[in-house]
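**Q** Got a structure for you, questions after.
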Number of protein chains: 4
Amino acid sequence: MIGGSLDAFIGAVHRRAAIFDSEIELVCGAFSSNPEKSKATGHALYLPENRVYGSFTEMIEQEKSLPEGERMDFVSIVTPNHMHFPAAKLALKNGFHVVCDKPMTLNLEEAKELAKIVEETGLLFCLTHNYTGYPMVKEAREMVRSGKLGKLRKIIAEYPQGWLSKLEEATDYKQAIWRTDPAKSGAAGCMGDIGTHAENLAEYITGLKITELSADLTTFVEGRKLDDDGNVLLRFENGAKGILHASQIANGEENGLKIRVYGELGGLEWTQTEPNTLLYKTQEGQRIIRTGVGELSAAAKANTRVPAGHPEGFFEAFANLYRNFALTLRARLNGQEPDPLYTDFPSVEDGIRGLAFIETLIQSNGSDQKWTKFVE
Amino acid sequence: MIGGSLDAFIGAVHRRAAIFDSEIELVCGAFSSNPEKSKATGHALYLPENRVYGSFTEMIEQEKSLPEGERMDFVSIVTPNHMHFPAAKLALKNGFHVVCDKPMTLNLEEAKELAKIVEETGLLFCLTHNYTGYPMVKEAREMVRSGKLGKLRKIIAEYPQGWLSKLEEATDYKQAIWRTDPAKSGAAGCMGDIGTHAENLAEYITGLKITELSADLTTFVEGRKLDDDGNVLLRFENGAKGILHASQIANGEENGLKIRVYGELGGLEWTQTEPNTLLYKTQEGQRIIRTGVGELSAAAKANTRVPAGHPEGFFEAFANLYRNFALTLRARLNGQEPDPLYTDFPSVEDGIRGLAFIETLIQSNGSDQKWTKFVE
Amino acid sequence: MIGGSLDAFIGAVHRRAAIFDSEIELVCGAFSSNPEKSKATGHALYLPENRVYGSFTEMIEQEKSLPEGERMDFVSIVTPNHMHFPAAKLALKNGFHVVCDKPMTLNLEEAKELAKIVEETGLLFCLTHNYTGYPMVKEAREMVRSGKLGKLRKIIAEYPQGWLSKLEEATDYKQAIWRTDPAKSGAAGCMGDIGTHAENLAEYITGLKITELSADLTTFVEGRKLDDDGNVLLRFENGAKGILHASQIANGEENGLKIRVYGELGGLEWTQTEPNTLLYKTQEGQRIIRTGVGELSAAAKANTRVPAGHPEGFFEAFANLYRNFALTLRARLNGQEPDPLYTDFPSVEDGIRGLAFIETLIQSNGSDQKWTKFVE
Amino acid sequence: MIGGSLDAFIGAVHRRAAIFDSEIELVCGAFSSNPEKSKATGHALYLPENRVYGSFTEMIEQEKSLPEGERMDFVSIVTPNHMHFPAAKLALKNGFHVVCDKPMTLNLEEAKELAKIVEETGLLFCLTHNYTGYPMVKEAREMVRSGKLGKLRKIIAEYPQGWLSKLEEATDYKQAIWRTDPAKSGAAGCMGDIGTHAENLAEYITGLKITELSADLTTFVEGRKLDDDGNVLLRFENGAKGILHASQIANGEENGLKIRVYGELGGLEWTQTEPNTLLYKTQEGQRIIRTGVGELSAAAKANTRVPAGHPEGFFEAFANLYRNFALTLRARLNGQEPDPLYTDFPSVEDGIRGLAFIETLIQSNGSDQKWTKFVE
């Protein structure tokens with residue numbers, strides 16, 4: 001693991017998600033650019049001292065020198081955004097598969113370069129767009145694929161949060177500080193951090209690509225360097241229309257990621273804070289589809305661990321990405337064809353779409369033209 | 001009453017709303033342009049035959065000729081949209097107060113002319129933007145006014161419906177036929193019929209005016225003459241940003257009118273299909289505000305009839321407009337100052353805003369420019 | 001109308017419900033045992049002075065002396081409970097049909113006598129167990145009848161309120177005072193006032209009669225004369241088991257009337273505070289059944305006034321009883337067979353069941369035996 | 001681990017819960033009474049062969065013979081109910097701490113004996129009444145403790161399930177087979193399996209003990225050997241009254257564990273299927289308390305891993321028990337005083353209460369007397 005010292009929120013999430021299904025074991029780490037901090041973290045995690053490194057370059061070098069079977073199988077990158085690219089690049093170039101937090105890189109250029117390296121090395125790459133790991137998101141995608149909704153017409157994706165309603169980055173709130181710093185976060189704030197989750201979810205469920213958009217990004221909190229709110233009109237490749245809005249100043253909201261999709265025959269609604277429920281809507285009425293209840297797609301079932309009524313949440317969805325990655329990796333290590341049910345984890349393609357989305361938003365926001373083509 | 005024959009949906013709504021509080025009695029009507037139909041309706045409503053008229057011109061003329069105290073006090077206009085203006089104009093010019101269904105007229109020009117007539121005659125005019133009649137909508141407005149939310153930043157107003165997901169106007173579905181016919185409905189379909197409700201609600205609750213917008217209107221159902229879906233970016237006068245979307249093709253949705261308002265200090269959420277609940281959100285948690293429960297504003301209380309736990313709905317909200325209009329009218333007839341609690345019903349100003357909104361949407365939709373100023 | 005002066009909550013409810021569908025007109029009233037109050041109420045309701053009476057005996061006598069066609073068609077009794085019986089009896093004996101608030105009488109003996117009078121006179125009698133007027137309650141009953149749930153096994157009926165969590169009757173809160181006074185309310189407090197609603201709803205929807213029960217009634221608030229809480233085990237005639245609980249001290253609850261019914265094939269859930277939703281549950285998933293949406297029973301449709309998405313509430317359900325009564329009465333006055341859709345309003349049978357339920361509760365509560373047979 | 005072969009539902013739950021926080025490592029197991037099955041499970045879990053045993057007696061014996069520091073620290077018992085007692089007894093007698101699934105034993109006699117052994121050995125014992133691990137359950141308990149609800153009056157605990165609506169035990173559904181078999185499950189079916197969860201939750205949150213009860217247990221499905229439904233009236237030690245009902249034939253229900261508690265000053269409501277929400281109710285309105293939002297008790301915070309908006313569910317709650325147990329155990333191993341925040345996991349006392357509850361239910365169900373004292 002690269003990054004994820006004890007005081008980092010997302011590191012602990014990745015660790016729990018990784019070990020959850022007993023398919024992955026944490027064997028080494030460069031948990032911080034501060035070697036002392038890295039060491040302390042490794043100690044707390046009961047790692048042997050010689051597998052705790054002071055930097056990711058050291059780790060990759062040292063691990064590579066270990067005999068096969070003893071060295072780590074893959075690297076998990078959970079640093080702030082600006083370190084994703086150099087760490088992933090080095091790992092791949094040295095033959096390690098990669099799991100990487102999103103956004104994949106700091107900008108589109110890096111994203112494309114990384115995709116090229118993945119292609120050249122032929123190694124596995126998993127981007128942790130974690131919300132696609134929920135069973136009901138899988139079910140939603142399968143319902144669209146199976147034609148239950150008919151041709152899609154309208155998509156509404158939203159992600160309101162309220163935690164940055166004040167200038168939290170002026171306090172010592174670490175999460176707020178790096179996420180509002182362009183050097184560490186990238187060109188977009190709210191839209192990069194959570195807007196891309198909404199975009200990824202919309203494209204994942206619908207199977208449609210955004211072709212053009214019209215954006216209105218705002219920085220509401222005085223003194224902030226990046227956008228903390230954005231409203232976007234979307235157009236998709238089959239003529240579907242959409243709306244995407246995200247906010248960090250929607251006072252009183254938690255992580256209100258929500259998507260609604262309407263087609264000629266029916267609609268769907270899914271909300272992240274109540275993730276085990278999927279609403280299926282037609283003019284004849286609504287059905288409540290629930291994790292583990294009744295007939296569900298193979299994809300939904302493969303990503304569910306317990307019978308109905310045992311609410312699975314954020315960690316379980318996150319763990320699905322790791323588990324699917326691990327099973328695909330194991331198949332490869334065993335020289336087998338991976339089960340297509342488990343190759344379903346976000347890839348460099350998702351990473352490129354995310355960075356391209358950010359660049360398109362920035363372009364559109366600075367333009368007087370209503371529509372800006374999705375950059376490629 | 002002008003319009004509202006037995007087979008008209010909205011006529012029966014107006015009648016029930018009008019008589020609900022025993023302040024108003026139906027005394028006469030020109031219920032249809034078809035005199036037979038008008039007569040049959042009057043008969044079913046137990047009206048004396050001589051007060052049932054074959055046309056609104058006849059009705060206004062005849063009623064005017066009756067002695068004061070015997071003739072009708074005001075006219076209620078519930079025809080399809082294109083007849084609102086001529087009927088309202090004639091009524092006002094002949095000294096009758098007017099209650100009129102929305103949209104006020106077929107276009108902005110008529111709206112302005114009507115507003116002028118109202119001003120000149122000094123008569124009362126109530127536009128039935130019925131959703132502002134709900135007690136929790138009143139409460140929301142009072143919370144904004146009192147500063148509980150702080151300076152407003154973001155407004156999301158939506159009104160998804162699904163009933164026109166197919167070409168219903170090709171059947172004999174009367175409601176679908178006139179609402180999708182530009183000659184009877186006006187220049188906008190979905191956005192005129194329900195988008196204006198969302199616009200009116202947003203301006204009512206926030207007290208802010210939309211200053212510019214960017215619209216993407218669509219006709220999804222082949223063969224339809226007017227838009228059946230619209231997505232709009234909004235900008236408000238104090239720097240607040242917003243989104244408005246409405247649809248008649250959101251398969252499986254009923255009347256999903258919903259508004260969320262976020263300010264520096266807190267947020268609000270209200271949904272029409274569960275109208276007795278208002279969510280008040282801050283980073284410290286959410287409170288469920290309910291009709292009739294605990295401390296509420298005078299405005300909310302004045303528009304509630306029963307203690308908590310007795311759900312009041314669509315008719316009651318509609319009746320609030322009529323009751324408030326009636327109390328204001330009675331005060332005037334008695335030479336008294338009306339109670340400001342009851343003068344709160346939508347006026348010609350709301351009507352003008354609604355038609356201007358439609359015109360701005362049409363302009364923006366045809367434009368390559370991102371922003372179109374709200375027409376005046 | 002007998003009872004229902006201006007300051008009475010339920011009188012205004014009955015008036016609005018009665019006139020809502022333009023089938024009934026208020027023509028006279030004895031609104032209070034205090035003639036001044038009665039007069040003031042009549043005046044406020046725009047009644048002619050000579051139709052406002054100082055007592056219900058005077059009213060019945062005077063109205064009877066009017067020529068047919070001018071006198072009232074039926075009497076609506078909305079007094080505190082202890083006056084129901086004498087008023088209803090006198091009205092019936094003088095040839096007037098009766099609508100009566102629940103509980104029908106002060107005790108079971110009176111109830112049986114009244115039933116006998118109704119039978120002898122052959123007049124119509126409607127008991128306003130208003131919650132059975134909701135369209136989704138009708139739908140629930142039709143679903144049970146049609147066998148969709150299979151043989152019923154378990155029924156859970158509850159009605160928690162919190163408004164009497166303190167000794168409100170020690171203040172000048174009129175509603176609290178008479179409802180906690182045995183002389184005006186009868187032998188049970190909470191269980192008589194709202195427990196009987198739960199009992200009536202359970203028997204109405206399931207079509208099953210309670211055969212025995214085990215009750216634990218409590219007076220939690222010191223100084224109160226009647227029970228303010230009750231928990232009851234139920235057994236039904238087909239072997240179904242159940243639970244009924246009601247409370248006036250469930251702090252923070254409004255009118256939480258709710259019923260769940262489970263059979264061999266499926267279950268149902270309905271909640272009064274969100275009355276337009278009915279949940280239909282099977283092991284294959286849940287369906288949301290909504291007023292006005294999709295295919296519904298004739299009974300549900302006949303008791304709905306507006307298309308889906310326009311929430312109908314407490315008043316509309318109440319008005320359904322009056323409307324159905326009025327249509328049945330009109331058929332009789334016209335010498336026609338009434339439409340069975342509209343004869344569905346609560347009758348003296350429901351009244352007797354309610355009073356018998358109260359008596360059985362009191363018996364059971366005083367007994368050491370687990371089971372007490374439902375008294376007849 | 002004792003029990004929990006690959007096809008056992010609860011074994012995998014325990015394993016995931018145990019390792020979730022990197023405080024516990026699975027080092028050995030006797031996963032099945034079938035040695036082949038045990039071996040296969042150990043293999044799949046990457047355990048060394050010599051730590052996978054053919055029986056729990058073998059495991060305890062062998063592990064005990066390992067040097068301290070190498071042998072297991074505690075035993076986790078996840079077998080069907082009838083094996084809990086012998087396994088726990090042997091483990092304790094040989095000096096191993098124990099985590100044990102509920103119910104603790106097959107009957108009250110065994111429970112008391114086990115409690116005595118725990119006391120005598122001074123070892124740690126954790127009973128996995130997992131629902132008390134949810135942060136909002138902790139918060140509920142703290143709110144009661146702090147007096148926010150005032151003196152408690154009424155408690156309603158329920159746990160409806162629908163999965164045994166048919167005779168599933170006649171198929172090869174393993175979960176159904178052992179849970180409906182008295183030899184493996186104990187004297188009660190539904191009430192033992194899930195009724196005890198409701199009982200435990202009620203006593204945990206309220207801090208009150210049930211003193212007497214009146215039960216009506218039913219076996220609805222023909223051919224079933226144990227109760228599949230139960231309705232119970234409760235009385236608590238401070239005069240509070242209550243209702244507890246549980247069912248396995250509530251068709252269409254998942255794991256609907258829910259509790260409502262009402263006191264003189266306010267009420268609480270918590271539902272397991274939406275576990276991150278706690279409703280706090282007073283006559284002034286309702287507040288939505290959410291995991292991670294605003295000011296919460298130390299107990300709630302100590303059992304939450306991620307910021308608000310990341311739904312934590314069943315596994316996380318379960319993991320809280322293991323984590324708390326592990327931290328307490330580690331403190332003991334380190335010779336430190338354990339942090340009281342982490343000693344909060346269910347104990348043998350909870351186990352005794354559970355078995356006594358079952359025995360009382362059975363007694364009451366067979367009795368004509370209304371009230372049966374809670375056996376001790």
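In the structure tokens, the first chain shown is A, the next is B, and so on; residue numbers restart at 1 for each chain, and ligands run from 1 in the order shown.
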Please report as JSON lines every residue of chain D lying within 8 Å of chain A, along with the nearest atom pair and their distance in Å (one decimal), using only C-alpha atoms.
**A**
```
{"residue": "D:Phe9", "atom": "CA", "partner": "A:Val306", "partner_atom": "CA", "distance": 7.4}
{"residue": "D:Arg16", "atom": "CA", "partner": "A:Phe20", "partner_atom": "CA", "distance": 5.7}
{"residue": "D:Ile19", "atom": "CA", "partner": "A:Phe20", "partner_atom": "CA", "distance": 7.3}
{"residue": "D:Phe20", "atom": "CA", "partner": "A:Arg16", "partner_atom": "CA", "distance": 5.7}
{"residue": "D:Asp21", "atom": "CA", "partner": "A:Arg16", "partner_atom": "CA", "distance": 6.7}
{"residue": "D:Ser22", "atom": "CA", "partner": "A:Leu45", "partner_atom": "CA", "distance": 6.8}
{"residue": "D:Leu45", "atom": "CA", "partner": "A:Ser22", "partner_atom": "CA", "distance": 6.8}
{"residue": "D:Glu254", "atom": "CA", "partner": "A:Gly309", "partner_atom": "CA", "distance": 4.6}
{"residue": "D:Asn255", "atom": "CA", "partner": "A:Gly309", "partner_atom": "CA", "distance": 4.5}
{"residue": "D:Gly256", "atom": "CA", "partner": "A:Gly309", "partner_atom": "CA", "distance": 7.3}
{"residue": "D:Gln272", "atom": "CA", "partner": "A:Pro311", "partner_atom": "CA", "distance": 8.0}
{"residue": "D:Thr273", "atom": "CA", "partner": "A:Pro311", "partner_atom": "CA", "distance": 5.9}
{"residue": "D:Glu274", "atom": "CA", "partner": "A:Glu274", "partner_atom": "CA", "distance": 7.2}
{"residue": "D:Pro275", "atom": "CA", "partner": "A:Pro311", "partner_atom": "CA", "distance": 7.9}
{"residue": "D:Val306", "atom": "CA", "partner": "A:Phe9", "partner_atom": "CA", "distance": 7.4}
{"residue": "D:Ala308", "atom": "CA", "partner": "A:Glu254", "partner_atom": "CA", "distance": 5.8}
{"residue": "D:Gly309", "atom": "CA", "partner": "A:Asn255", "partner_atom": "CA", "distance": 4.5}
{"residue": "D:His310", "atom": "CA", "partner": "A:Phe314", "partner_atom": "CA", "distance": 5.4}
{"residue": "D:Pro311", "atom": "CA", "partner": "A:Gly313", "partner_atom": "CA", "distance": 5.0}
{"residue": "D:Glu312", "atom": "CA", "partner": "A:Gly313", "partner_atom": "CA", "distance": 5.1}
{"residue": "D:Gly313", "atom": "CA", "partner": "A:Pro311", "partner_atom": "CA", "distance": 5.0}
{"residue": "D:Phe314", "atom": "CA", "partner": "A:Pro311", "partner_atom": "CA", "distance": 5.3}
{"residue": "D:Phe315", "atom": "CA", "partner": "A:Glu312", "partner_atom": "CA", "distance": 7.2}
```
**Q** Mind checking DSSP for stretch 56-214 of chain B and telling me the strand (DSSP E) residues as a PyMOL selection string?
**A** chain B and resi 74-77+97-100+125-127+152-160+210-214
**Q** Can you tell me, as a list of chain:residue names, what residues are no more than 8 Å from stretch 108-118 of chain C when counting only C-alpha atoms, ignoring any on the same chain fewer than 2 positions away?
**A**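 My list of contacting residues is C:Phe85, C:Ala88, C:Lys89, C:Leu92, C:Lys93, C:Met104, C:Thr105, C:Leu106, C:Glu120, C:Thr121, C:Gly122, C:Leu123, C:Leu124, C:Phe125, C:Val348, C:Glu349, C:Gly351, C:Ile352, C:Leu355, C:Ala356, C:Glu359.
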**Q** Restricting the calculation to only C-alpha atoms, which member of D:Leu268, D:Ala299, D:Ala319, D:Ile194 is positioned closest to D:Asp344?
**A**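 Going through D:Leu268, D:Ala299, D:Ala319, D:Ile194 one by one, the smallest distance to D:Asp344 is for D:Ala299.
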**Q** At a cut-off of 8 Å, using only C-alpha atoms, what residues contact B:Lys154? Leave out same-chain residues fewer than 4 positions from it and give the result as JSON, numbers by chain.
**A** {"A": [250], "B": [240, 241, 242, 261, 262, 263]}
**Q** With all heavy atoms retained, write the just-selected residues as an mmCIF file, in the first residue's frame.
**A**
```cif
data_model
loop_
_atom_site.group_PDB
_atom_site.id
_atom_site.type_symbol
_atom_site.label_atom_id
_atom_site.label_comp_id
_atom_site.auth_asym_id
_atom_site.auth_seq_id
_atom_site.Cartn_x
_atom_site.Cartn_y
_atom_site.Cartn_z
ATOM 1 N N ALA A 250 -24.084 22.048 0.034
ATOM 2 C CA ALA A 250 -25.505 21.756 0.217
ATOM 3 C C ALA A 250 -25.705 21.399 1.690
ATOM 4 O O ALA A 250 -25.773 20.236 2.083
ATOM 5 C CB ALA A 250 -25.941 20.618 -0.698
ATOM 6 N N ALA B 240 -27.278 33.352 -6.186
ATOM 7 C CA ALA B 240 -27.617 31.938 -6.016
ATOM 8 C C ALA B 240 -27.703 31.261 -7.380
ATOM 9 O O ALA B 240 -28.019 31.898 -8.381
ATOM 10 C CB ALA B 240 -28.938 31.794 -5.271
ATOM 11 N N LYS B 241 -27.368 29.985 -7.384
ATOM 12 C CA LYS B 241 -27.425 29.209 -8.610
ATOM 13 C C LYS B 241 -28.523 28.156 -8.447
ATOM 14 O O LYS B 241 -28.899 27.803 -7.326
ATOM 15 C CB LYS B 241 -26.091 28.482 -8.833
ATOM 16 C CG LYS B 241 -24.877 29.402 -8.969
ATOM 17 C CD LYS B 241 -24.903 30.181 -10.255
ATOM 18 C CE LYS B 241 -23.646 31.037 -10.431
ATOM 19 N NZ LYS B 241 -22.477 30.279 -10.858
ATOM 20 N N GLY B 242 -28.957 27.621 -9.579
ATOM 21 C CA GLY B 242 -29.997 26.623 -9.451
ATOM 22 C C GLY B 242 -30.172 25.738 -10.659
ATOM 23 O O GLY B 242 -29.544 25.922 -11.704
ATOM 24 N N VAL B 261 -33.557 23.861 -1.106
ATOM 25 C CA VAL B 261 -32.951 25.186 -1.019
ATOM 26 C C VAL B 261 -31.824 25.117 -0.001
ATOM 27 O O VAL B 261 -32.040 24.633 1.113
ATOM 28 C CB VAL B 261 -33.992 26.240 -0.567
ATOM 29 C CG1 VAL B 261 -33.348 27.603 -0.434
ATOM 30 C CG2 VAL B 261 -35.172 26.285 -1.523
ATOM 31 N N TYR B 262 -30.649 25.556 -0.382
ATOM 32 C CA TYR B 262 -29.509 25.539 0.533
ATOM 33 C C TYR B 262 -28.956 26.945 0.720
ATOM 34 O O TYR B 262 -28.721 27.656 -0.256
ATOM 35 C CB TYR B 262 -28.396 24.637 -0.006
ATOM 36 C CG TYR B 262 -28.848 23.216 -0.229
ATOM 37 C CD1 TYR B 262 -29.213 22.764 -1.493
ATOM 38 C CD2 TYR B 262 -28.927 22.333 0.840
ATOM 39 C CE1 TYR B 262 -29.643 21.463 -1.692
ATOM 40 C CE2 TYR B 262 -29.359 21.027 0.651
ATOM 41 C CZ TYR B 262 -29.710 20.597 -0.618
ATOM 42 O OH TYR B 262 -30.139 19.310 -0.807
ATOM 43 N N GLY B 263 -28.738 27.303 1.966
ATOM 44 C CA GLY B 263 -28.131 28.583 2.259
ATOM 45 C C GLY B 263 -26.871 28.407 3.076
ATOM 46 O O GLY B 263 -26.447 27.278 3.345
#
```
